[in-house]
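One file, target-v9.cif, is given below (mmCIF, C-alpha atoms and all ligand atoms).
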data_input
loop_
_atom_site.label_atom_id
_atom_site.label_comp_id
_atom_site.auth_asym_id
_atom_site.auth_seq_id
_atom_site.Cartn_x
_atom_site.Cartn_y
_atom_site.Cartn_z
CA MET H 1 38.97 79.34 83.67
CA ALA H 2 36.95 82.33 82.52
CA GLY H 3 36.58 84.57 79.48
CA ILE H 4 36.31 88.29 78.91
CA TYR H 5 34.18 89.75 76.12
CA ILE H 6 34.67 93.43 75.24
CA HIS H 7 32.02 95.08 73.06
CA ILE H 8 33.14 97.92 70.76
CA PRO H 9 29.86 99.63 69.80
CA PHE H 10 30.77 101.37 66.55
CA CYS H 11 30.39 100.55 62.85
CA LYS H 12 31.02 102.50 59.65
CA GLU H 13 27.74 101.38 58.10
CA ALA H 14 24.58 99.75 59.40
CA CYS H 15 24.33 96.33 57.72
CA SER H 16 20.74 95.73 56.67
CA TYR H 17 20.25 92.50 58.67
CA CYS H 18 22.10 93.39 61.89
CA ASP H 19 20.49 93.83 65.30
CA PHE H 20 23.66 94.06 67.39
CA HIS H 21 24.25 97.22 69.34
CA PHE H 22 26.39 99.79 67.50
CA SER H 23 26.45 103.43 66.53
CA THR H 24 27.65 104.79 63.19
CA LYS H 25 28.53 108.06 64.94
CA LEU H 26 32.16 107.66 65.90
CA THR H 27 32.56 110.98 67.72
CA ASN H 28 32.62 109.49 71.23
CA LYS H 29 34.80 106.48 70.40
CA LYS H 30 37.64 107.77 72.59
CA SER H 31 35.32 108.32 75.57
CA VAL H 32 33.79 104.86 75.20
CA VAL H 33 37.27 103.29 75.15
CA SER H 34 38.11 105.16 78.40
CA ALA H 35 34.82 104.02 79.94
CA ILE H 36 35.58 100.42 78.94
CA GLU H 37 38.93 100.70 80.72
CA LYS H 38 37.14 102.04 83.82
CA GLU H 39 34.58 99.24 83.68
CA LEU H 40 37.40 96.68 83.44
CA GLU H 41 38.72 98.09 86.72
CA LEU H 42 35.28 98.32 88.38
CA ARG H 43 34.32 94.73 87.51
CA SER H 44 37.58 93.03 88.43
CA ASN H 45 35.86 91.07 91.22
CA TYR H 46 33.25 89.56 88.90
CA ILE H 47 35.42 86.59 87.95
CA GLY H 48 37.61 86.89 91.05
CA LYS H 49 41.01 85.26 90.75
CA GLU H 50 39.91 82.89 87.97
CA LEU H 51 42.47 82.47 85.24
CA VAL H 52 41.32 84.24 82.06
CA ASP H 53 42.04 81.99 79.12
CA THR H 54 40.07 83.79 76.40
CA ILE H 55 39.56 87.44 75.52
CA TYR H 56 37.23 88.32 72.66
CA ILE H 57 36.97 91.87 71.33
CA GLY H 58 33.74 91.95 69.37
CA GLY H 59 31.13 94.40 68.29
CA GLY H 60 30.30 96.43 66.43
CA THR H 61 33.58 96.73 64.59
CA PRO H 62 36.63 96.53 66.86
CA SER H 63 38.97 96.99 63.87
CA LEU H 64 37.89 100.65 63.98
CA LEU H 65 40.08 101.07 67.09
CA ASN H 66 43.60 102.32 66.56
CA GLU H 67 46.66 100.66 68.03
CA VAL H 68 46.87 103.10 70.96
CA GLU H 69 43.21 102.45 71.90
CA LEU H 70 43.68 98.69 71.70
CA GLN H 71 46.91 98.75 73.70
CA SER H 72 45.29 100.82 76.45
CA ILE H 73 42.41 98.32 76.67
CA PHE H 74 44.91 95.44 76.92
CA HIS H 75 46.81 97.34 79.57
CA ALA H 76 43.60 97.63 81.64
CA VAL H 77 42.88 93.92 81.17
CA LEU H 78 46.38 92.78 82.15
CA HIS H 79 46.49 95.18 85.10
CA ASN H 80 43.18 93.96 86.58
CA TYR H 81 42.90 90.27 85.63
CA ASN H 82 44.91 87.09 85.87
CA VAL H 83 45.39 86.34 82.15
CA SER H 84 46.86 83.01 81.05
CA GLU H 85 50.10 83.19 79.06
CA ASN H 86 48.46 81.08 76.36
CA ALA H 87 45.17 82.97 76.28
CA GLU H 88 43.28 83.00 72.99
CA ILE H 89 42.85 86.69 72.16
CA THR H 90 40.47 87.36 69.26
CA LEU H 91 39.64 90.59 67.47
CA GLU H 92 36.68 90.90 65.12
CA GLY H 93 37.55 92.96 62.07
CA ASN H 94 36.00 94.03 58.82
CA PRO H 95 37.85 93.63 55.50
CA ASP H 96 37.84 97.35 54.64
CA ASP H 97 39.80 98.11 57.84
CA LEU H 98 42.27 95.26 57.56
CA THR H 99 44.91 96.81 55.33
CA LYS H 100 48.45 95.53 55.58
CA LYS H 101 49.44 98.59 57.62
CA LYS H 102 46.58 98.03 60.06
CA LEU H 103 47.33 94.32 60.36
CA LYS H 104 51.00 95.07 61.14
CA GLU H 105 49.80 97.34 63.94
CA LEU H 106 47.47 94.63 65.24
CA LYS H 107 50.40 92.21 65.26
CA GLN H 108 52.11 94.51 67.81
CA THR H 109 49.23 93.91 70.26
CA PRO H 110 48.49 90.68 72.20
CA ILE H 111 45.85 89.70 69.57
CA ASN H 112 46.56 86.18 68.26
CA ARG H 113 43.33 85.35 66.43
CA LEU H 114 41.26 87.27 63.87
CA SER H 115 37.60 86.83 63.06
CA ILE H 116 36.92 88.61 59.77
CA GLY H 117 33.37 89.61 58.79
CA VAL H 118 33.49 88.65 55.11
CA GLN H 119 29.86 87.41 54.69
CA SER H 120 30.25 86.91 50.91
CA PHE H 121 32.81 87.22 48.11
CA PHE H 122 30.12 88.61 45.73
CA GLU H 123 29.46 92.33 45.25
CA GLU H 124 25.76 91.66 44.77
CA ASP H 125 25.43 90.07 48.22
CA LEU H 126 27.60 92.69 49.89
CA ARG H 127 25.57 95.56 48.44
CA PHE H 128 22.31 93.85 49.42
CA MET H 129 23.59 93.50 52.99
CA ASN H 130 24.90 97.10 52.95
CA ARG H 131 28.35 95.94 53.96
CA ALA H 132 31.11 98.58 54.00
CA HIS H 133 33.60 96.43 52.06
CA ASN H 134 33.81 95.01 48.56
CA ALA H 135 34.69 91.54 47.30
CA ALA H 136 38.32 92.41 46.49
CA GLU H 137 38.87 93.77 50.01
CA ALA H 138 37.41 90.55 51.45
CA ILE H 139 40.10 88.46 49.75
CA GLU H 140 42.93 90.95 50.28
CA SER H 141 42.26 91.25 54.01
CA ILE H 142 42.64 87.50 54.47
CA GLN H 143 45.78 87.29 52.32
CA ASN H 144 47.27 90.28 54.16
CA ALA H 145 46.47 88.77 57.57
CA LYS H 146 48.28 85.58 56.59
CA GLU H 147 51.29 87.47 55.19
CA VAL H 148 51.60 89.56 58.33
CA GLY H 149 51.76 86.36 60.38
CA PHE H 150 48.30 85.70 61.80
CA ASP H 151 47.90 81.95 61.60
CA SER H 152 44.62 81.67 63.45
CA ILE H 153 41.99 83.24 61.23
CA SER H 154 38.26 82.71 61.04
CA ILE H 155 35.85 84.27 58.59
CA ASP H 156 32.08 84.70 58.75
CA LEU H 157 29.94 83.83 55.74
CA ILE H 158 26.17 84.17 55.34
CA PHE H 159 24.02 81.80 53.31
CA GLY H 160 20.36 81.90 52.34
CA SER H 161 20.37 85.60 51.49
CA GLN H 162 17.85 86.69 48.85
CA THR H 163 20.71 87.51 46.45
CA THR H 164 22.75 84.33 47.04
CA THR H 165 22.01 81.63 44.48
CA ASN H 166 23.16 78.06 45.11
CA GLU H 167 25.92 78.56 42.51
CA MET H 168 27.14 81.70 44.32
CA TRP H 169 27.13 79.90 47.65
CA GLN H 170 29.14 77.03 46.18
CA LYS H 171 31.63 79.56 44.79
CA ASN H 172 31.84 81.31 48.18
CA LEU H 173 32.75 78.01 49.79
CA GLU H 174 35.33 77.25 47.09
CA THR H 175 36.92 80.67 47.61
CA PHE H 176 37.06 80.00 51.35
CA PHE H 177 38.85 76.68 50.80
CA GLU H 178 41.30 78.26 48.33
CA LEU H 179 42.29 80.82 50.97
CA ARG H 180 43.47 77.97 53.24
CA ILE H 181 42.32 79.25 56.60
CA ASN H 182 41.42 77.02 59.49
CA HIS H 183 38.05 78.25 60.76
CA LEU H 184 34.68 79.21 59.33
CA SER H 185 31.54 80.55 60.99
CA ALA H 186 28.63 80.23 58.55
CA TYR H 187 25.20 81.57 59.44
CA SER H 188 21.89 81.44 57.68
CA LEU H 189 20.41 84.87 57.12
CA THR H 190 17.78 85.48 59.77
CA ILE H 191 15.38 88.37 59.76
CA GLU H 192 15.67 90.27 63.04
CA GLU H 193 13.00 92.71 64.14
CA LYS H 194 13.58 96.44 63.64
CA THR H 195 16.32 95.96 61.04
CA ALA H 196 16.31 97.62 57.63
CA LEU H 197 15.89 94.20 56.06
CA ALA H 198 12.81 93.36 58.17
CA HIS H 199 11.38 96.77 57.29
CA ASN H 200 11.95 96.24 53.56
CA ILE H 201 10.35 92.80 53.68
CA ALA H 202 7.32 94.15 55.58
CA LYS H 203 6.94 96.92 52.94
CA GLY H 204 7.14 94.35 50.14
CA LYS H 205 10.33 95.90 48.72
CA VAL H 206 12.30 92.70 49.29
CA GLU H 207 11.06 89.13 49.26
CA ASN H 208 11.24 87.11 52.46
CA VAL H 209 13.97 84.52 52.97
CA ASP H 210 13.30 81.18 51.36
CA ASP H 211 13.53 78.45 54.06
CA GLU H 212 13.97 75.73 51.47
CA LYS H 213 16.92 77.53 49.86
CA ASN H 214 18.36 78.17 53.31
CA TYR H 215 18.31 74.48 54.14
CA THR H 216 19.67 73.47 50.71
CA GLN H 217 22.61 75.82 51.21
CA TYR H 218 23.16 74.46 54.72
CA LEU H 219 23.38 70.93 53.27
CA MET H 220 25.74 72.16 50.54
CA LEU H 221 27.93 73.63 53.27
CA GLN H 222 27.97 70.42 55.29
CA ASN H 223 28.82 68.36 52.25
CA ALA H 224 31.61 70.68 51.02
CA ILE H 225 33.12 71.07 54.45
CA GLN H 226 33.32 67.30 55.01
CA LEU H 227 34.98 66.76 51.63
CA GLN H 228 37.64 69.30 52.59
CA GLY H 229 38.37 67.64 55.94
CA PHE H 230 36.73 70.25 58.15
CA GLU H 231 34.81 69.32 61.27
CA GLN H 232 31.47 70.85 62.24
CA TYR H 233 31.83 71.37 65.98
CA GLU H 234 28.79 73.61 66.44
CA LEU H 235 25.72 74.43 64.38
CA SER H 236 27.47 77.41 62.70
CA ASN H 237 31.15 76.66 63.31
CA TYR H 238 33.63 74.56 61.34
CA CYS H 239 37.36 74.06 61.68
CA LYS H 240 40.37 71.99 60.72
CA ASN H 241 42.88 70.42 63.12
CA GLU H 242 40.76 71.11 66.21
CA SER H 243 41.26 74.87 65.91
CA TYR H 244 38.01 75.46 67.80
CA SER H 245 37.18 78.98 68.94
CA LYS H 246 38.00 78.53 72.64
CA HIS H 247 36.02 81.64 73.57
CA ASN H 248 32.76 80.65 71.89
CA THR H 249 33.18 77.05 73.06
CA SER H 250 33.33 78.30 76.63
CA TYR H 251 29.86 79.91 76.16
CA TRP H 252 28.49 76.57 74.99
CA GLN H 253 30.11 74.85 77.95
CA SER H 254 28.52 77.31 80.43
CA LYS H 255 31.85 78.69 81.68
CA ASN H 256 31.84 82.05 83.44
CA TYR H 257 32.46 85.15 81.40
CA LEU H 258 32.62 88.86 81.99
CA GLY H 259 31.10 91.20 79.40
CA ILE H 260 32.43 94.75 79.20
CA GLY H 261 31.07 97.68 77.19
CA PRO H 262 27.59 98.82 76.11
CA SER H 263 25.15 95.90 75.66
CA ALA H 264 27.69 93.26 76.78
CA HIS H 265 26.35 90.27 78.72
CA SER H 266 28.01 88.50 81.65
CA PHE H 267 27.43 85.10 83.27
CA ASP H 268 28.69 83.82 86.62
CA GLY H 269 27.05 80.40 86.81
CA THR H 270 23.98 81.53 88.75
CA SER H 271 22.98 84.85 87.15
CA ARG H 272 23.17 86.78 83.93
CA GLN H 273 23.56 90.52 83.58
CA TRP H 274 23.58 92.83 80.62
CA ASN H 275 24.87 96.35 80.21
CA VAL H 276 22.74 99.21 78.91
CA ARG H 277 22.41 99.18 75.10
CA ASN H 278 23.11 102.86 74.63
CA ASN H 279 26.54 104.51 74.36
CA SER H 280 25.58 107.84 75.98
CA LEU H 281 23.80 106.22 78.94
CA TYR H 282 26.73 103.84 79.40
CA LEU H 283 29.22 106.73 79.42
CA LYS H 284 27.14 108.76 81.85
CA ALA H 285 26.64 105.85 84.25
CA ILE H 286 30.32 104.85 84.27
CA ASP H 287 31.30 108.49 84.88
CA ASN H 288 28.77 108.98 87.67
CA LYS H 289 29.33 105.50 89.13
CA THR H 290 25.62 104.73 88.81
CA SER H 291 24.08 101.47 87.65
CA TYR H 292 24.50 100.57 83.98
CA PHE H 293 23.25 96.99 83.89
CA GLU H 294 20.29 94.75 84.65
CA LYS H 295 20.61 91.39 86.29
CA GLU H 296 18.53 88.25 86.62
CA GLY H 297 19.08 85.21 88.78
CA LEU H 298 18.73 81.90 86.97
CA THR H 299 16.43 79.22 88.35
CA GLU H 300 17.51 75.62 88.03
CA ILE H 301 15.01 75.20 85.18
CA ASP H 302 16.49 78.24 83.38
CA ARG H 303 19.94 76.71 83.74
CA TYR H 304 18.71 73.34 82.47
CA HIS H 305 17.09 74.94 79.42
CA GLU H 306 20.20 76.97 78.61
CA PHE H 307 22.30 73.84 79.06
CA LEU H 308 20.12 72.01 76.51
CA ILE H 309 20.15 74.87 74.00
CA THR H 310 23.91 75.38 74.08
CA SER H 311 25.08 71.75 74.47
CA LEU H 312 22.88 70.28 71.77
CA ARG H 313 24.22 72.70 69.15
CA THR H 314 27.70 71.23 69.57
CA LYS H 315 29.41 68.02 68.48
CA TRP H 316 30.08 67.23 72.15
CA GLY H 317 26.37 67.22 73.02
CA ILE H 318 25.30 66.34 76.57
CA ASN H 319 27.37 64.23 78.91
CA VAL H 320 24.48 62.34 80.49
CA ALA H 321 26.50 61.38 83.57
CA GLU H 322 27.34 65.04 84.16
CA LEU H 323 23.64 65.90 84.41
CA LYS H 324 23.55 64.28 87.86
CA VAL H 325 26.36 66.56 89.00
CA LEU H 326 24.86 69.74 87.58
CA PHE H 327 21.17 69.27 88.38
CA SER H 328 18.79 67.98 91.07
CA PRO H 329 17.04 64.56 90.84
CA PHE H 330 13.89 66.40 89.67
CA ILE H 331 15.65 67.57 86.47
CA VAL H 332 17.50 64.28 85.95
CA ASP H 333 14.22 62.28 86.28
CA HIS H 334 12.51 64.63 83.82
CA PHE H 335 15.38 64.20 81.33
CA ASN H 336 15.33 60.40 81.65
CA ARG H 337 11.54 60.29 81.17
CA LYS H 338 11.72 62.47 78.06
CA MET H 339 14.52 60.32 76.64
CA LEU H 340 12.13 57.35 76.56
CA SER H 341 9.85 59.05 74.04
CA ILE H 342 12.29 61.27 72.10
CA ASN H 343 12.50 60.93 68.31
CA LYS H 344 15.58 58.67 68.08
CA SER H 345 16.20 59.22 64.36
CA THR H 346 17.71 62.68 64.99
CA ILE H 347 20.08 61.77 67.84
CA ASP H 348 22.97 59.51 68.74
CA LEU H 349 23.17 58.16 72.26
CA SER H 350 26.47 56.39 72.59
CA ASN H 351 29.35 56.44 75.06
CA LYS H 352 27.00 58.16 77.49
CA TYR H 353 26.76 61.26 75.29
CA LEU H 354 23.56 62.55 73.74
CA VAL H 355 24.43 64.23 70.45
CA VAL H 356 22.20 65.62 67.69
CA LYS H 357 23.25 64.00 64.38
CA SER H 358 25.04 66.53 62.19
CA ALA H 359 22.40 66.33 59.42
CA TYR H 360 19.81 67.45 62.00
CA LEU H 361 21.82 70.15 63.78
CA PHE H 362 19.92 72.74 61.74
CA GLN H 363 16.80 71.56 63.59
CA SER H 364 18.47 71.04 67.00
CA ASP H 365 15.85 73.34 68.55
CA ASP H 366 13.26 70.59 67.93
CA VAL H 367 15.29 68.17 70.07
CA VAL H 368 15.71 70.86 72.73
CA ARG H 369 11.94 71.41 72.82
CA GLU H 370 11.35 67.69 73.35
CA LEU H 371 13.60 67.74 76.43
CA MET H 372 12.45 71.02 77.98
CA ILE H 373 10.18 71.34 80.98
CA ASP H 374 6.86 72.77 79.84
CA PHE H 375 4.52 73.49 82.72
CA ASN H 376 1.66 74.13 80.30
CA ALA H 377 1.93 70.69 78.70
S1 LIG D 1 29.67 95.47 60.77
FE1 LIG D 1 28.88 93.77 62.03
S2 LIG D 1 28.10 94.73 63.90
FE2 LIG D 1 28.36 96.36 62.37
S3 LIG D 1 26.35 96.58 61.45
FE3 LIG D 1 27.53 95.16 60.16
S4 LIG D 1 27.04 93.10 60.96
FE4 LIG D 1 26.39 94.60 62.50
#
Output the file's structure as structure tokens, nothing else.
Amino acid sequence: MAGIYIHIPFCKEACSYCDFHFSTKLTNKKSVVSAIEKELELRSNYIGKELVDTIYIGGGTPSLLNEVELQSIFHAVLHNYNVSENAEITLEGNPDDLTKKKLKELKQTPINRLSIGVQSFFEEDLRFMNRAHNAAEAIESIQNAKEVGFDSISIDLIFGSQTTTNEMWQKNLETFFELRINHLSAYSLTIEEKTALAHNIAKGKVENVDDEKNYTQYLMLQNAIQLQGFEQYELSNYCKNESYSKHNTSYWQSKNYLGIGPSAHSFDGTSRQWNVRNNSLYLKAIDNKTSYFEKEGLTEIDRYHEFLITSLRTKWGINVAELKVLFSPFIVDHFNRKMLSINKSTIDLSNKYLVVKSAYLFQSDDVVRELMIDFNA
């Protein structure tokens, strides 16, 4: 089983905290869509005959594509890959694009899951983040998506922002529950280099994020989510009735995936590669059939470290017996030695699984560090 990620590198506005690759100049959108279709054809051997069971159209803002552009991308996917009949097909969208008319169009495509970038239901937060939508659009987009017949919907929310008080965060969570959708991705606001937010903090125009408030809001989230019968299945992901994001789960389970479009990453089990983070260079290279990506082979230690980072963020944790299948005795011995001295208060080791306790998932990196191989130690 494999997944395909397609990156749509366009946004209406640059959100102040975002370091993903996107352009707010939409003039070459049509050309990039054509190049994506060509890349889908060029890369068809990357995952060979593996059955594709997830497709994720992310960005950027994929809801900026019209129905014709989306259908032509799906045509290229279905023509070149072996896609499962039950594939999970997700589109990321922003509330200001997701009008009822647009959602009806999306319903005519193979998309069966929406991930909506809400971030907050408060104008103050949305303005601070420079989001393109307002609070009313955030609610309407979700209601419209449900009315049109999308029953698998996730929204993104951000906590810990300078403008988000604990009361506002509580209200955001209540609004989410009232909307009765089955999946939430909730992230703490992180300050990424070279973003407008990082710049404003460095200039003293905006205060830095408050780690204590961040953690308080994380605990509020965990508490509220449990009371409402949701399950935290990954550090930032929560769902009801096991409606896990299959695509993101496959990243955490180290399954192969093909990344298409500017800046997209791919993984084939032994190497990673990433496409150029520039729309013009990507277009030129696809047109001229020249190289548009870099590639690095993964050593066994790289693979072990990635395995720790991704597995320990999830509720499934590490299957200790599986370690012997995936890694050499050198890695397994190292892991067993480290397990003797690890801080046991943050983990559960039962039924042969090593899992970080949910209250400590926010600090899962500390557990990862304890288990890593550090040649300088
Ligand atoms: S819409 Fe999403 S990808 Fe675009 S700038 Fe905002 S956060 Fe980044």
**Item:** Within 10 Å of Glu50 (chain H) using only C-alpha atoms, minus same-chain residues under 3 positions, as number ranges by chain
**Value:** H: 1-3, 45-47, 53, 81-84, 256
**Prompt:** Which residue out of H:Val325, H:Ser250, H:Ile6, H:Thr290 has the minimum interatomic distance to Ser311 (chain H) when only C-alpha atoms are used?
**Reply:**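 When distances to Ser311 (chain H) are compared using only C-alpha atoms, the smallest one comes from H:Ser250.
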Sorted by chain and rising residue number, which residues of region 181-229 of chain H lie within 10 Å of region 114-131 of chain H, and what are their closest atom pairs and distances in Å to one decimal, counting all atoms listed in the file, as CSV?
residue,atom,partner,partner_atom,distance
H:His183,CA,H:Ser115,CA,8.9
H:Leu184,CA,H:Ser115,CA,9.0
H:Ser185,CA,H:Ser115,CA,9.0
H:Ala186,CA,H:Gln119,CA,8.2
H:Tyr187,CA,H:Gln119,CA,8.9
H:Ala196,CA,H:Met129,CA,9.6
H:Leu197,CA,H:Met129,CA,8.3
Counting all atoms listed in the file, give me one row per residue of chain H with an atom at most 8 Å from an atom of ligand LIG 1 (chain D), showing the shortest contact pair and its distance in Å to one decimal, sorted by chain then residue number, as a Markdown table.
| residue | atom | partner | partner_atom | distance |
| --- | --- | --- | --- | --- |
| H:Pro9 | CA | D:LIG1 | S2 | 7.9 |
| H:Phe10 | CA | D:LIG1 | FE2 | 7.0 |
| H:Cys11 | CA | D:LIG1 | FE2 | 4.7 |
| H:Lys12 | CA | D:LIG1 | FE2 | 7.2 |
| H:Glu13 | CA | D:LIG1 | S3 | 6.0 |
| H:Ala14 | CA | D:LIG1 | S3 | 4.2 |
| H:Cys15 | CA | D:LIG1 | FE3 | 4.2 |
| H:Ser16 | CA | D:LIG1 | S3 | 7.4 |
| H:Tyr17 | CA | D:LIG1 | S4 | 7.2 |
| H:Cys18 | CA | D:LIG1 | FE4 | 4.5 |
| H:Asp19 | CA | D:LIG1 | FE4 | 6.6 |
| H:Phe20 | CA | D:LIG1 | FE4 | 5.6 |
| H:His21 | CA | D:LIG1 | S2 | 7.1 |
| H:Phe22 | CA | D:LIG1 | S2 | 6.4 |
| H:Gly59 | CA | D:LIG1 | S2 | 5.3 |
| H:Gly60 | CA | D:LIG1 | S2 | 3.8 |
| H:Thr61 | CA | D:LIG1 | S1 | 5.6 |
| H:Asn94 | CA | D:LIG1 | S1 | 6.8 |
| H:Gly117 | CA | D:LIG1 | FE1 | 6.9 |
| H:Asn130 | CA | D:LIG1 | FE3 | 7.9 |
| H:Arg131 | CA | D:LIG1 | FE3 | 6.3 |
| H:Ala132 | CA | D:LIG1 | S1 | 7.6 |
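Proximity ranking of H:Leu219, H:Leu326, H:Leu65, H:Ala224 relative to Phe362 (chain H) places H:Leu219 first, based on only C-alpha atoms.
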